[in-house]
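Q: I'm passing along coords.pdb; it holds PDB, C-alpha atoms, pLDDT in the B column.
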ATOM      1  CA  MET S   1      10.334  16.801   3.850  1.00 53.00           C
ATOM      2  CA  SER S   2       8.743  13.613   5.027  1.00 87.00           C
ATOM      3  CA  THR S   3       7.129  11.156   2.672  1.00 94.00           C
ATOM      4  CA  ARG S   4       4.665   8.797   4.282  1.00 94.00           C
ATOM      5  CA  LEU S   5       5.334   5.146   3.450  1.00 94.00           C
ATOM      6  CA  THR S   6       2.724   2.477   3.834  1.00 94.00           C
ATOM      7  CA  LEU S   7       3.179  -1.226   3.595  1.00 95.00           C
ATOM      8  CA  ARG S   8       0.575  -3.700   2.380  1.00 96.00           C
ATOM      9  CA  LEU S   9       0.944  -7.448   2.849  1.00 97.00           C
ATOM     10  CA  ASP S  10      -0.798  -9.926   0.564  1.00 96.00           C
ATOM     11  CA  PHE S  11      -0.466 -13.343   2.115  1.00 96.00           C
ATOM     12  CA  GLU S  12      -0.430 -16.459  -0.015  1.00 95.00           C
ATOM     13  CA  THR S  13      -3.557 -17.590   1.844  1.00 95.00           C
ATOM     14  CA  GLY S  14      -5.525 -14.853   0.089  1.00 94.00           C
ATOM     15  CA  ARG S  15      -5.765 -12.642   3.193  1.00 95.00           C
ATOM     16  CA  ARG S  16      -4.364  -9.132   3.353  1.00 96.00           C
ATOM     17  CA  LEU S  17      -3.039  -6.786   5.997  1.00 97.00           C
ATOM     18  CA  GLY S  18      -2.428  -3.075   5.611  1.00 96.00           C
ATOM     19  CA  PRO S  19      -2.472   0.263   7.406  1.00 95.00           C
ATOM     20  CA  GLY S  20      -6.285   0.443   7.788  1.00 95.00           C
ATOM     21  CA  LYS S  21      -6.608  -2.855   9.661  1.00 97.00           C
ATOM     22  CA  ILE S  22      -3.583  -2.095  11.829  1.00 98.00           C
ATOM     23  CA  ALA S  23      -5.047   1.321  12.724  1.00 97.00           C
ATOM     24  CA  LEU S  24      -8.312  -0.420  13.671  1.00 98.00           C
ATOM     25  CA  LEU S  25      -6.493  -2.892  15.923  1.00 98.00           C
ATOM     26  CA  GLU S  26      -4.677  -0.047  17.651  1.00 98.00           C
ATOM     27  CA  ALA S  27      -7.911   1.934  18.079  1.00 98.00           C
ATOM     28  CA  ILE S  28      -9.602  -1.119  19.640  1.00 97.00           C
ATOM     29  CA  ARG S  29      -6.712  -1.428  22.061  1.00 97.00           C
ATOM     30  CA  ARG S  30      -6.999   2.278  22.890  1.00 97.00           C
ATOM     31  CA  THR S  31     -10.780   2.486  23.256  1.00 96.00           C
ATOM     32  CA  GLY S  32     -11.646  -1.027  24.435  1.00 96.00           C
ATOM     33  CA  SER S  33     -14.553  -1.152  21.993  1.00 94.00           C
ATOM     34  CA  ILE S  34     -15.069  -1.980  18.329  1.00 95.00           C
ATOM     35  CA  SER S  35     -17.751   0.670  17.815  1.00 93.00           C
ATOM     36  CA  ALA S  36     -15.698   3.388  19.560  1.00 95.00           C
ATOM     37  CA  ALA S  37     -12.665   2.377  17.491  1.00 96.00           C
ATOM     38  CA  GLY S  38     -14.733   2.623  14.310  1.00 95.00           C
ATOM     39  CA  ARG S  39     -15.998   6.089  15.310  1.00 95.00           C
ATOM     40  CA  GLU S  40     -12.463   7.255  16.030  1.00 96.00           C
ATOM     41  CA  LEU S  41     -11.433   6.218  12.505  1.00 96.00           C
ATOM     42  CA  CYS S  42     -14.617   7.687  10.924  1.00 96.00           C
ATOM     43  CA  MET S  43     -15.532   4.190   9.813  1.00 94.00           C
ATOM     44  CA  ALA S  44     -19.093   2.908   9.507  1.00 92.00           C
ATOM     45  CA  TYR S  45     -20.104   0.561  12.338  1.00 90.00           C
ATOM     46  CA  ARG S  46     -20.735  -2.278   9.913  1.00 93.00           C
ATOM     47  CA  ARG S  47     -17.366  -1.819   8.210  1.00 95.00           C
ATOM     48  CA  ALA S  48     -15.505  -1.968  11.513  1.00 95.00           C
ATOM     49  CA  TRP S  49     -17.239  -5.238  12.365  1.00 94.00           C
ATOM     50  CA  LEU S  50     -16.531  -6.745   8.947  1.00 96.00           C
ATOM     51  CA  LEU S  51     -12.840  -5.879   9.289  1.00 97.00           C
ATOM     52  CA  VAL S  52     -12.753  -7.396  12.778  1.00 97.00           C
ATOM     53  CA  ASP S  53     -14.308 -10.566  11.404  1.00 96.00           C
ATOM     54  CA  GLU S  54     -11.749 -10.652   8.590  1.00 96.00           C
ATOM     55  CA  LEU S  55      -8.870 -10.027  11.012  1.00 97.00           C
ATOM     56  CA  ASN S  56     -10.121 -12.819  13.250  1.00 97.00           C
ATOM     57  CA  HIS S  57      -9.917 -15.260  10.345  1.00 97.00           C
ATOM     58  CA  THR S  58      -6.567 -14.146   8.923  1.00 97.00           C
ATOM     59  CA  PHE S  59      -4.396 -15.878  11.525  1.00 98.00           C
ATOM     60  CA  GLU S  60      -4.719 -19.234  13.196  1.00 97.00           C
ATOM     61  CA  ASP S  61      -6.249 -17.598  16.283  1.00 97.00           C
ATOM     62  CA  PRO S  62      -8.361 -14.458  16.680  1.00 98.00           C
ATOM     63  CA  LEU S  63      -6.687 -11.069  17.078  1.00 98.00           C
ATOM     64  CA  ILE S  64      -9.660  -9.431  18.812  1.00 98.00           C
ATOM     65  CA  GLU S  65     -11.680 -10.769  21.688  1.00 97.00           C
ATOM     66  CA  THR S  66     -15.143  -9.431  22.494  1.00 93.00           C
ATOM     67  CA  ARG S  67     -16.771  -9.747  25.868  1.00 85.00           C
ATOM     68  CA  GLY S  68     -20.177  -9.257  27.335  1.00 72.00           C
ATOM     69  CA  GLY S  69     -23.530  -8.015  26.131  1.00 63.00           C
ATOM     70  CA  GLY S  70     -25.096  -6.840  22.916  1.00 57.00           C
ATOM     71  CA  ARG S  71     -24.078  -4.264  20.387  1.00 56.00           C
ATOM     72  CA  ASN S  72     -22.989  -1.638  22.879  1.00 55.00           C
ATOM     73  CA  GLY S  73     -22.888  -3.751  25.992  1.00 57.00           C
ATOM     74  CA  GLY S  74     -19.545  -5.504  25.881  1.00 71.00           C
ATOM     75  CA  GLY S  75     -16.002  -4.479  25.243  1.00 93.00           C
ATOM     76  CA  ALA S  76     -13.206  -5.628  22.997  1.00 96.00           C
ATOM     77  CA  THR S  77      -9.515  -6.209  23.565  1.00 96.00           C
ATOM     78  CA  LEU S  78      -6.591  -7.484  21.545  1.00 97.00           C
ATOM     79  CA  THR S  79      -5.495 -11.031  22.192  1.00 97.00           C
ATOM     80  CA  GLY S  80      -1.841 -11.913  22.655  1.00 98.00           C
ATOM     81  CA  LEU S  81      -1.633 -12.737  18.949  1.00 98.00           C
ATOM     82  CA  GLY S  82      -3.338  -9.409  18.140  1.00 98.00           C
ATOM     83  CA  GLU S  83      -0.686  -7.516  20.099  1.00 98.00           C
ATOM     84  CA  ARG S  84       2.014  -9.543  18.385  1.00 98.00           C
ATOM     85  CA  VAL S  85       0.738  -8.884  14.859  1.00 98.00           C
ATOM     86  CA  VAL S  86       0.503  -5.132  15.521  1.00 98.00           C
ATOM     87  CA  ALA S  87       4.043  -5.125  16.949  1.00 98.00           C
ATOM     88  CA  LEU S  88       5.427  -7.109  13.987  1.00 98.00           C
ATOM     89  CA  TYR S  89       3.726  -4.834  11.452  1.00 98.00           C
ATOM     90  CA  ARG S  90       4.981  -1.662  13.157  1.00 97.00           C
ATOM     91  CA  ALA S  91       8.488  -3.111  13.468  1.00 97.00           C
ATOM     92  CA  ALA S  92       8.445  -3.978   9.750  1.00 97.00           C
ATOM     93  CA  GLU S  93       7.268  -0.453   8.946  1.00 94.00           C
ATOM     94  CA  THR S  94      10.131   1.113  10.904  1.00 95.00           C
ATOM     95  CA  LYS S  95      12.609  -1.058   9.010  1.00 96.00           C
ATOM     96  CA  VAL S  96      10.985  -0.039   5.725  1.00 95.00           C
ATOM     97  CA  HIS S  97      11.533   3.616   6.587  1.00 94.00           C
ATOM     98  CA  LYS S  98      15.171   3.098   7.453  1.00 95.00           C
ATOM     99  CA  SER S  99      16.044   0.836   4.556  1.00 95.00           C
ATOM    100  CA  THR S 100      14.466   2.976   1.831  1.00 96.00           C
ATOM    101  CA  MET S 101      15.530   6.398   3.073  1.00 95.00           C
ATOM    102  CA  ALA S 102      18.112   6.932   0.321  1.00 96.00           C
ATOM    103  CA  GLU S 103      15.668   6.178  -2.531  1.00 97.00           C
ATOM    104  CA  ILE S 104      12.903   8.293  -0.999  1.00 97.00           C
ATOM    105  CA  ARG S 105      15.229  11.279  -0.524  1.00 97.00           C
ATOM    106  CA  LYS S 106      16.290  11.033  -4.164  1.00 97.00           C
ATOM    107  CA  MET S 107      12.671  11.050  -5.323  1.00 97.00           C
ATOM    108  CA  GLU S 108      11.829  13.957  -3.012  1.00 97.00           C
ATOM    109  CA  ARG S 109      14.516  16.074  -4.599  1.00 96.00           C
ATOM    110  CA  SER S 110      12.757  15.815  -7.982  1.00 97.00           C
ATOM    111  CA  LEU S 111       9.178  16.434  -6.814  1.00 96.00           C
ATOM    112  CA  ALA S 112       6.952  19.052  -8.384  1.00 95.00           C
ATOM    113  CA  PRO S 113       5.710  21.822  -6.053  1.00 92.00           C
ATOM    114  CA  ALA S 114       2.887  20.989  -3.649  1.00 87.00           C
ATOM    115  CA  LEU S 115      -0.694  20.838  -4.886  1.00 78.00           C
ATOM    116  CA  PRO S 116      -2.631  23.943  -3.835  1.00 76.00           C
ATOM    117  CA  ASP S 117      -4.871  23.424  -0.788  1.00 67.00           C
ATOM    118  CA  GLU S 118      -8.456  22.742  -1.717  1.00 53.00           C
TER     119      GLU S 118
ATOM    120  CA  MET T   1       5.437 -19.288   1.449  1.00 53.00           C
ATOM    121  CA  SER T   2       5.825 -15.922  -0.133  1.00 87.00           C
ATOM    122  CA  THR T   3       3.906 -12.895   0.999  1.00 94.00           C
ATOM    123  CA  ARG T   4       3.629 -10.101  -1.537  1.00 94.00           C
ATOM    124  CA  LEU T   5       4.657  -6.717  -0.137  1.00 94.00           C
ATOM    125  CA  THR T   6       3.639  -3.480  -1.735  1.00 94.00           C
ATOM    126  CA  LEU T   7       4.887  -0.053  -0.926  1.00 95.00           C
ATOM    127  CA  ARG T   8       2.878   3.159  -1.249  1.00 96.00           C
ATOM    128  CA  LEU T   9       4.468   6.600  -1.049  1.00 97.00           C
ATOM    129  CA  ASP T  10       2.476   9.651  -0.005  1.00 96.00           C
ATOM    130  CA  PHE T  11       4.592  12.686  -0.740  1.00 96.00           C
ATOM    131  CA  GLU T  12       4.206  15.855   1.289  1.00 95.00           C
ATOM    132  CA  THR T  13       3.244  17.627  -1.930  1.00 95.00           C
ATOM    133  CA  GLY T  14      -0.041  15.714  -1.932  1.00 94.00           C
ATOM    134  CA  ARG T  15       0.996  13.381  -4.771  1.00 95.00           C
ATOM    135  CA  ARG T  16       1.172   9.611  -4.410  1.00 96.00           C
ATOM    136  CA  LEU T  17       3.102   6.786  -5.979  1.00 97.00           C
ATOM    137  CA  GLY T  18       2.316   3.091  -5.665  1.00 96.00           C
ATOM    138  CA  PRO T  19       2.420  -0.250  -7.449  1.00 95.00           C
ATOM    139  CA  GLY T  20      -0.293   0.595 -10.011  1.00 95.00           C
ATOM    140  CA  LYS T  21       1.473   3.655 -11.386  1.00 97.00           C
ATOM    141  CA  ILE T  22       4.829   1.911 -11.442  1.00 98.00           C
ATOM    142  CA  ALA T  23       3.303  -1.031 -13.341  1.00 97.00           C
ATOM    143  CA  LEU T  24       1.853   1.438 -15.848  1.00 98.00           C
ATOM    144  CA  LEU T  25       5.243   3.102 -16.356  1.00 98.00           C
ATOM    145  CA  GLU T  26       6.848  -0.291 -16.941  1.00 98.00           C
ATOM    146  CA  ALA T  27       4.103  -1.318 -19.374  1.00 98.00           C
ATOM    147  CA  ILE T  28       4.575   1.919 -21.331  1.00 97.00           C
ATOM    148  CA  ARG T  29       8.290   1.202 -21.551  1.00 97.00           C
ATOM    149  CA  ARG T  30       7.533  -2.349 -22.732  1.00 97.00           C
ATOM    150  CA  THR T  31       4.805  -1.541 -25.258  1.00 96.00           C
ATOM    151  CA  GLY T  32       5.802   1.959 -26.402  1.00 96.00           C
ATOM    152  CA  SER T  33       2.207   3.098 -26.145  1.00 94.00           C
ATOM    153  CA  ILE T  34      -0.123   4.376 -23.430  1.00 95.00           C
ATOM    154  CA  SER T  35      -3.174   2.624 -24.827  1.00 93.00           C
ATOM    155  CA  ALA T  36      -1.353  -0.701 -25.269  1.00 95.00           C
ATOM    156  CA  ALA T  37       0.021  -0.369 -21.733  1.00 96.00           C
ATOM    157  CA  GLY T  38      -3.481   0.247 -20.406  1.00 95.00           C
ATOM    158  CA  ARG T  39      -4.810  -2.806 -22.275  1.00 95.00           C
ATOM    159  CA  GLU T  40      -2.026  -4.973 -20.897  1.00 96.00           C
ATOM    160  CA  LEU T  41      -3.012  -3.952 -17.362  1.00 96.00           C
ATOM    161  CA  CYS T  42      -6.761  -4.325 -18.082  1.00 96.00           C
ATOM    162  CA  MET T  43      -7.148  -0.638 -17.396  1.00 94.00           C
ATOM    163  CA  ALA T  44      -9.696   1.600 -19.122  1.00 92.00           C
ATOM    164  CA  TYR T  45      -8.160   3.847 -21.768  1.00 90.00           C
ATOM    165  CA  ARG T  46      -9.303   6.965 -19.927  1.00 93.00           C
ATOM    166  CA  ARG T  47      -7.860   5.769 -16.621  1.00 95.00           C
ATOM    167  CA  ALA T  48      -4.457   5.096 -18.186  1.00 95.00           C
ATOM    168  CA  TRP T  49      -4.374   8.634 -19.589  1.00 94.00           C
ATOM    169  CA  LEU T  50      -5.442  10.170 -16.280  1.00 96.00           C
ATOM    170  CA  LEU T  51      -2.669   8.304 -14.483  1.00 97.00           C
ATOM    171  CA  VAL T  52      -0.125   9.419 -17.092  1.00 97.00           C
ATOM    172  CA  ASP T  53      -1.254  13.008 -16.596  1.00 96.00           C
ATOM    173  CA  GLU T  54      -0.939  12.634 -12.840  1.00 96.00           C
ATOM    174  CA  LEU T  55       2.505  11.023 -13.145  1.00 97.00           C
ATOM    175  CA  ASN T  56       3.636  13.826 -15.414  1.00 97.00           C
ATOM    176  CA  HIS T  57       2.752  16.378 -12.727  1.00 97.00           C
ATOM    177  CA  THR T  58       4.162  14.515  -9.729  1.00 97.00           C
ATOM    178  CA  PHE T  59       7.817  15.334 -10.395  1.00 98.00           C
ATOM    179  CA  GLU T  60       9.478  18.498 -11.602  1.00 97.00           C
ATOM    180  CA  ASP T  61       9.666  17.094 -15.138  1.00 97.00           C
ATOM    181  CA  PRO T  62       7.436  14.611 -16.999  1.00 98.00           C
ATOM    182  CA  LEU T  63       8.016  10.867 -16.643  1.00 98.00           C
ATOM    183  CA  ILE T  64       6.320   9.968 -19.931  1.00 98.00           C
ATOM    184  CA  GLU T  65       6.832  11.546 -23.306  1.00 97.00           C
ATOM    185  CA  THR T  66       4.307  11.134 -26.121  1.00 93.00           C
ATOM    186  CA  ARG T  67       5.141  11.547 -29.762  1.00 85.00           C
ATOM    187  CA  GLY T  68       3.287  11.879 -32.965  1.00 72.00           C
ATOM    188  CA  GLY T  69      -0.303  11.761 -34.052  1.00 63.00           C
ATOM    189  CA  GLY T  70      -3.705  11.400 -32.498  1.00 57.00           C
ATOM    190  CA  ARG T  71      -5.137   8.899 -30.077  1.00 56.00           C
ATOM    191  CA  ASN T  72      -3.651   5.825 -31.692  1.00 56.00           C
ATOM    192  CA  GLY T  73      -1.150   7.499 -33.935  1.00 57.00           C
ATOM    193  CA  GLY T  74       1.851   8.254 -31.761  1.00 71.00           C
ATOM    194  CA  GLY T  75       3.887   6.362 -29.289  1.00 93.00           C
ATOM    195  CA  ALA T  76       5.034   6.916 -25.746  1.00 96.00           C
ATOM    196  CA  THR T  77       8.338   6.411 -23.960  1.00 96.00           C
ATOM    197  CA  LEU T  78       9.726   6.995 -20.516  1.00 97.00           C
ATOM    198  CA  THR T  79      11.920  10.039 -20.051  1.00 98.00           C
ATOM    199  CA  GLY T  80      15.217   9.832 -18.186  1.00 98.00           C
ATOM    200  CA  LEU T  81      13.417  10.905 -15.020  1.00 98.00           C
ATOM    201  CA  GLY T  82      10.731   8.275 -15.676  1.00 98.00           C
ATOM    202  CA  GLU T  83      13.388   5.543 -15.863  1.00 98.00           C
ATOM    203  CA  ARG T  84      14.990   6.900 -12.719  1.00 98.00           C
ATOM    204  CA  VAL T  85      11.756   6.936 -10.700  1.00 98.00           C
ATOM    205  CA  VAL T  86      10.944   3.343 -11.720  1.00 98.00           C
ATOM    206  CA  ALA T  87      14.460   2.234 -10.780  1.00 98.00           C
ATOM    207  CA  LEU T  88      14.328   4.021  -7.408  1.00 98.00           C
ATOM    208  CA  TYR T  89      10.913   2.537  -6.589  1.00 98.00           C
ATOM    209  CA  ARG T  90      11.986  -1.005  -7.496  1.00 97.00           C
ATOM    210  CA  ALA T  91      15.235  -0.604  -5.560  1.00 97.00           C
ATOM    211  CA  ALA T  92      13.253   0.580  -2.516  1.00 97.00           C
ATOM    212  CA  GLU T  93      10.919  -2.397  -2.887  1.00 94.00           C
ATOM    213  CA  THR T  94      13.815  -4.861  -2.918  1.00 95.00           C
ATOM    214  CA  LYS T  95      15.174  -3.300   0.256  1.00 96.00           C
ATOM    215  CA  VAL T  96      11.724  -3.523   1.833  1.00 95.00           C
ATOM    216  CA  HIS T  97      11.642  -7.261   1.133  1.00 94.00           C
ATOM    217  CA  LYS T  98      15.049  -7.840   2.623  1.00 95.00           C
ATOM    218  CA  SER T  99      14.653  -5.651   5.678  1.00 95.00           C
ATOM    219  CA  THR T 100      11.244  -7.012   6.746  1.00 96.00           C
ATOM    220  CA  MET T 101      11.844 -10.691   6.061  1.00 95.00           C
ATOM    221  CA  ALA T 102      12.040 -11.655   9.748  1.00 96.00           C
ATOM    222  CA  GLU T 103       8.722 -10.004  10.667  1.00 97.00           C
ATOM    223  CA  ILE T 104       6.937 -11.412   7.623  1.00 97.00           C
ATOM    224  CA  ARG T 105       8.154 -14.951   8.335  1.00 97.00           C
ATOM    225  CA  LYS T 106       6.886 -14.674  11.908  1.00 97.00           C
ATOM    226  CA  MET T 107       3.449 -13.572  10.707  1.00 97.00           C
ATOM    227  CA  GLU T 108       3.365 -16.334   8.081  1.00 97.00           C
ATOM    228  CA  ARG T 109       3.904 -18.960  10.766  1.00 96.00           C
ATOM    229  CA  SER T 110       0.635 -17.902  12.465  1.00 96.00           C
ATOM    230  CA  LEU T 111      -1.569 -17.631   9.370  1.00 96.00           C
ATOM    231  CA  ALA T 112      -4.905 -19.374   9.083  1.00 95.00           C
ATOM    232  CA  PRO T 113      -5.260 -21.903   6.222  1.00 92.00           C
ATOM    233  CA  ALA T 114      -5.746 -20.538   2.711  1.00 87.00           C
ATOM    234  CA  LEU T 115      -9.135 -19.306   1.604  1.00 77.00           C
ATOM    235  CA  PRO T 116     -10.849 -21.833  -0.664  1.00 76.00           C
ATOM    236  CA  ASP T 117     -10.630 -21.015  -4.366  1.00 67.00           C
ATOM    237  CA  GLU T 118     -13.755 -19.308  -5.615  1.00 53.00           C
TER     238      GLU T 118
END
Please render this file's structure as structure tokens.
A:
Amino acid sequence: MSTRLTLRLDFETGRRLGPGKIALLEAIRRTGSISAAGRELCMAYRRAWLLVDELNHTFEDPLIETRGGGRNGGGATLTGLGERVVALYRAAETKVHKSTMAEIRKMERSLAPALPDE
Amino acid sequence: MSTRLTLRLDFETGRRLGPGKIALLEAIRRTGSISAAGRELCMAYRRAWLLVDELNHTFEDPLIETRGGGRNGGGATLTGLGERVVALYRAAETKVHKSTMAEIRKMERSLAPALPDE
């Protein structure tokens, strides 16, 4: 059995970082575009842009850099800090998995049967 | 600086467990009542009961036991399994804090200034 663990960070500055924003950063890296990344995550165009704006104000420097033309003209890439934040979050997540394995296994052994598929 | 970390578990059975449900379990233990627990967490009465119902179907046995009369008549306590699940979750959370401290500190050093108070 494999329980999925997700980690949410609430910084003292009032900003937050969780699995949705990290997935968006990784999709931007993969697709080179904010709108393509949004589509890949089934996220409304406007929502993807709002999250990018929030991410770019969470740390002292932007995490995402946009280049070139209008709405569909340019591209987007992660900055060095963007790459670093993704790597730190994923490293933390791996440690979370390892460090909590014993507790998770104990909970799994007492779970009720699976919900029927809808 | 102290970043708040929260842990969410998505079990393969389709059930989930996170900070809200654990806080509700702890409030029920503290107050001895589902409705008082809901009030303490500023949660609508109906929502508290729905979460209790969900919690009582997540594991092979109930986590919360109700006794006595009608809506406001009886009381509620955690079962042995309820106590165990709370303890396992909090133990996992402590391990999460310890194991991810290095990554969190590195992120904190690059944070933008705090958001102004609203």
Q: Since I can't run it myself right now, could you work out what the PyMOL selection byres ((chain S) within 9 of (chain T)) selects here and report it as a count of residues only?
A: 49
Q: Rounded to one decimal place, report the CA of Thr77 (chain S)-CA of Glu65 (chain S) distance in Å.
A: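 It comes out at 5.4 Å.
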Q: Box for region 85-101 of chain T - axis-aligned, 6 Å on each of the six sides, all listed atoms - centre and size in Å to one decimal, as JSON.
A:
{"center_x": 13.1, "center_y": -1.9, "center_z": -2.5, "size_x": 16.3, "size_y": 29.6, "size_z": 30.5}
Q: Produce the least-squares-superposed copy of chain S, fitted on chain T over all in-order C-alpha pairs, as an mmCIF file with C-alpha atoms, in the frame of the given file.
A:
data_model
loop_
_atom_site.group_PDB
_atom_site.id
_atom_site.type_symbol
_atom_site.label_atom_id
_atom_site.label_comp_id
_atom_site.auth_asym_id
_atom_site.auth_seq_id
_atom_site.Cartn_x
_atom_site.Cartn_y
_atom_site.Cartn_z
ATOM 1 C CA MET S 1 5.491 -19.283 1.428
ATOM 2 C CA SER S 2 5.853 -15.902 -0.159
ATOM 3 C CA THR S 3 3.920 -12.889 1.012
ATOM 4 C CA ARG S 4 3.644 -10.100 -1.513
ATOM 5 C CA LEU S 5 4.672 -6.715 -0.114
ATOM 6 C CA THR S 6 3.649 -3.476 -1.710
ATOM 7 C CA LEU S 7 4.877 -0.038 -0.908
ATOM 8 C CA ARG S 8 2.866 3.160 -1.234
ATOM 9 C CA LEU S 9 4.457 6.601 -1.048
ATOM 10 C CA ASP S 10 2.474 9.663 -0.006
ATOM 11 C CA PHE S 11 4.581 12.698 -0.742
ATOM 12 C CA GLU S 12 4.217 15.865 1.278
ATOM 13 C CA THR S 13 3.244 17.639 -1.949
ATOM 14 C CA GLY S 14 -0.040 15.726 -1.948
ATOM 15 C CA ARG S 15 0.992 13.391 -4.788
ATOM 16 C CA ARG S 16 1.182 9.632 -4.417
ATOM 17 C CA LEU S 17 3.096 6.778 -5.980
ATOM 18 C CA GLY S 18 2.309 3.094 -5.654
ATOM 19 C CA PRO S 19 2.409 -0.252 -7.430
ATOM 20 C CA GLY S 20 -0.316 0.594 -9.995
ATOM 21 C CA LYS S 21 1.450 3.665 -11.386
ATOM 22 C CA ILE S 22 4.815 1.903 -11.421
ATOM 23 C CA ALA S 23 3.285 -1.043 -13.316
ATOM 24 C CA LEU S 24 1.839 1.437 -15.835
ATOM 25 C CA LEU S 25 5.228 3.093 -16.348
ATOM 26 C CA GLU S 26 6.840 -0.290 -16.932
ATOM 27 C CA ALA S 27 4.085 -1.331 -19.360
ATOM 28 C CA ILE S 28 4.559 1.913 -21.327
ATOM 29 C CA ARG S 29 8.266 1.187 -21.545
ATOM 30 C CA ARG S 30 7.511 -2.355 -22.723
ATOM 31 C CA THR S 31 4.794 -1.544 -25.258
ATOM 32 C CA GLY S 32 5.798 1.948 -26.391
ATOM 33 C CA SER S 33 2.187 3.095 -26.125
ATOM 34 C CA ILE S 34 -0.131 4.367 -23.407
ATOM 35 C CA SER S 35 -3.204 2.620 -24.814
ATOM 36 C CA ALA S 36 -1.368 -0.708 -25.261
ATOM 37 C CA ALA S 37 0.002 -0.388 -21.722
ATOM 38 C CA GLY S 38 -3.508 0.241 -20.404
ATOM 39 C CA ARG S 39 -4.840 -2.818 -22.271
ATOM 40 C CA GLU S 40 -2.050 -4.976 -20.880
ATOM 41 C CA LEU S 41 -3.052 -3.944 -17.345
ATOM 42 C CA CYS S 42 -6.809 -4.324 -18.082
ATOM 43 C CA MET S 43 -7.192 -0.624 -17.403
ATOM 44 C CA ALA S 44 -9.726 1.615 -19.132
ATOM 45 C CA TYR S 45 -8.183 3.878 -21.785
ATOM 46 C CA ARG S 46 -9.304 6.992 -19.945
ATOM 47 C CA ARG S 47 -7.870 5.779 -16.638
ATOM 48 C CA ALA S 48 -4.472 5.104 -18.185
ATOM 49 C CA TRP S 49 -4.387 8.632 -19.588
ATOM 50 C CA LEU S 50 -5.441 10.193 -16.285
ATOM 51 C CA LEU S 51 -2.673 8.314 -14.471
ATOM 52 C CA VAL S 52 -0.137 9.420 -17.084
ATOM 53 C CA ASP S 53 -1.252 13.009 -16.601
ATOM 54 C CA GLU S 54 -0.936 12.643 -12.827
ATOM 55 C CA LEU S 55 2.504 11.027 -13.139
ATOM 56 C CA ASN S 56 3.639 13.838 -15.415
ATOM 57 C CA HIS S 57 2.761 16.384 -12.735
ATOM 58 C CA THR S 58 4.165 14.524 -9.726
ATOM 59 C CA PHE S 59 7.824 15.342 -10.382
ATOM 60 C CA GLU S 60 9.487 18.488 -11.605
ATOM 61 C CA ASP S 61 9.686 17.061 -15.136
ATOM 62 C CA PRO S 62 7.446 14.604 -16.987
ATOM 63 C CA LEU S 63 8.018 10.863 -16.636
ATOM 64 C CA ILE S 64 6.324 9.957 -19.928
ATOM 65 C CA GLU S 65 6.847 11.530 -23.303
ATOM 66 C CA THR S 66 4.318 11.132 -26.110
ATOM 67 C CA ARG S 67 5.151 11.574 -29.749
ATOM 68 C CA GLY S 68 3.288 11.911 -32.976
ATOM 69 C CA GLY S 69 -0.313 11.759 -34.093
ATOM 70 C CA GLY S 70 -3.718 11.364 -32.538
ATOM 71 C CA ARG S 71 -5.141 8.851 -30.145
ATOM 72 C CA ASN S 72 -3.574 5.808 -31.750
ATOM 73 C CA GLY S 73 -1.084 7.515 -33.998
ATOM 74 C CA GLY S 74 1.877 8.279 -31.782
ATOM 75 C CA GLY S 75 3.914 6.379 -29.281
ATOM 76 C CA ALA S 76 5.037 6.913 -25.727
ATOM 77 C CA THR S 77 8.338 6.397 -23.960
ATOM 78 C CA LEU S 78 9.726 6.995 -20.500
ATOM 79 C CA THR S 79 11.919 10.026 -20.049
ATOM 80 C CA GLY S 80 15.214 9.818 -18.192
ATOM 81 C CA LEU S 81 13.421 10.890 -15.015
ATOM 82 C CA GLY S 82 10.730 8.252 -15.674
ATOM 83 C CA GLU S 83 13.376 5.528 -15.865
ATOM 84 C CA ARG S 84 14.981 6.879 -12.713
ATOM 85 C CA VAL S 85 11.756 6.926 -10.690
ATOM 86 C CA VAL S 86 10.931 3.340 -11.706
ATOM 87 C CA ALA S 87 14.460 2.224 -10.774
ATOM 88 C CA LEU S 88 14.319 4.013 -7.397
ATOM 89 C CA TYR S 89 10.908 2.540 -6.569
ATOM 90 C CA ARG S 90 11.988 -0.998 -7.495
ATOM 91 C CA ALA S 91 15.238 -0.609 -5.550
ATOM 92 C CA ALA S 92 13.260 0.574 -2.507
ATOM 93 C CA GLU S 93 10.919 -2.399 -2.877
ATOM 94 C CA THR S 94 13.814 -4.868 -2.913
ATOM 95 C CA LYS S 95 15.185 -3.301 0.266
ATOM 96 C CA VAL S 96 11.738 -3.525 1.858
ATOM 97 C CA HIS S 97 11.652 -7.253 1.150
ATOM 98 C CA LYS S 98 15.070 -7.842 2.640
ATOM 99 C CA SER S 99 14.656 -5.652 5.690
ATOM 100 C CA THR S 100 11.264 -7.012 6.755
ATOM 101 C CA MET S 101 11.858 -10.694 6.066
ATOM 102 C CA ALA S 102 12.056 -11.665 9.747
ATOM 103 C CA GLU S 103 8.730 -10.006 10.672
ATOM 104 C CA ILE S 104 6.943 -11.407 7.620
ATOM 105 C CA ARG S 105 8.167 -14.950 8.330
ATOM 106 C CA LYS S 106 6.902 -14.672 11.902
ATOM 107 C CA MET S 107 3.464 -13.582 10.705
ATOM 108 C CA GLU S 108 3.380 -16.344 8.084
ATOM 109 C CA ARG S 109 3.906 -18.965 10.744
ATOM 110 C CA SER S 110 0.651 -17.920 12.453
ATOM 111 C CA LEU S 111 -1.555 -17.631 9.353
ATOM 112 C CA ALA S 112 -4.893 -19.376 9.065
ATOM 113 C CA PRO S 113 -5.233 -21.898 6.206
ATOM 114 C CA ALA S 114 -5.736 -20.543 2.691
ATOM 115 C CA LEU S 115 -9.145 -19.295 1.595
ATOM 116 C CA PRO S 116 -10.857 -21.828 -0.675
ATOM 117 C CA ASP S 117 -10.626 -20.993 -4.393
ATOM 118 C CA GLU S 118 -13.710 -19.265 -5.690
#
Q: If the PyMOL selection byres ((chain S and resi 41) around 12) were run on this exact file, what residues would it hold? Put them as a list in words.
A: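 When the PyMOL selection byres ((chain S and resi 41) around 12) is applied to the shown file, the picked residues are Pro19, Gly20, Lys21, Ile22, Ala23, Leu24, Leu25, Glu26, Ala27, Ile28, Arg30, Thr31, Ile34, Ser35, Ala36, Ala37, Gly38, Arg39, Glu40, Cys42, Met43, Ala44, Tyr45, Arg47 and Ala48 of chain S.
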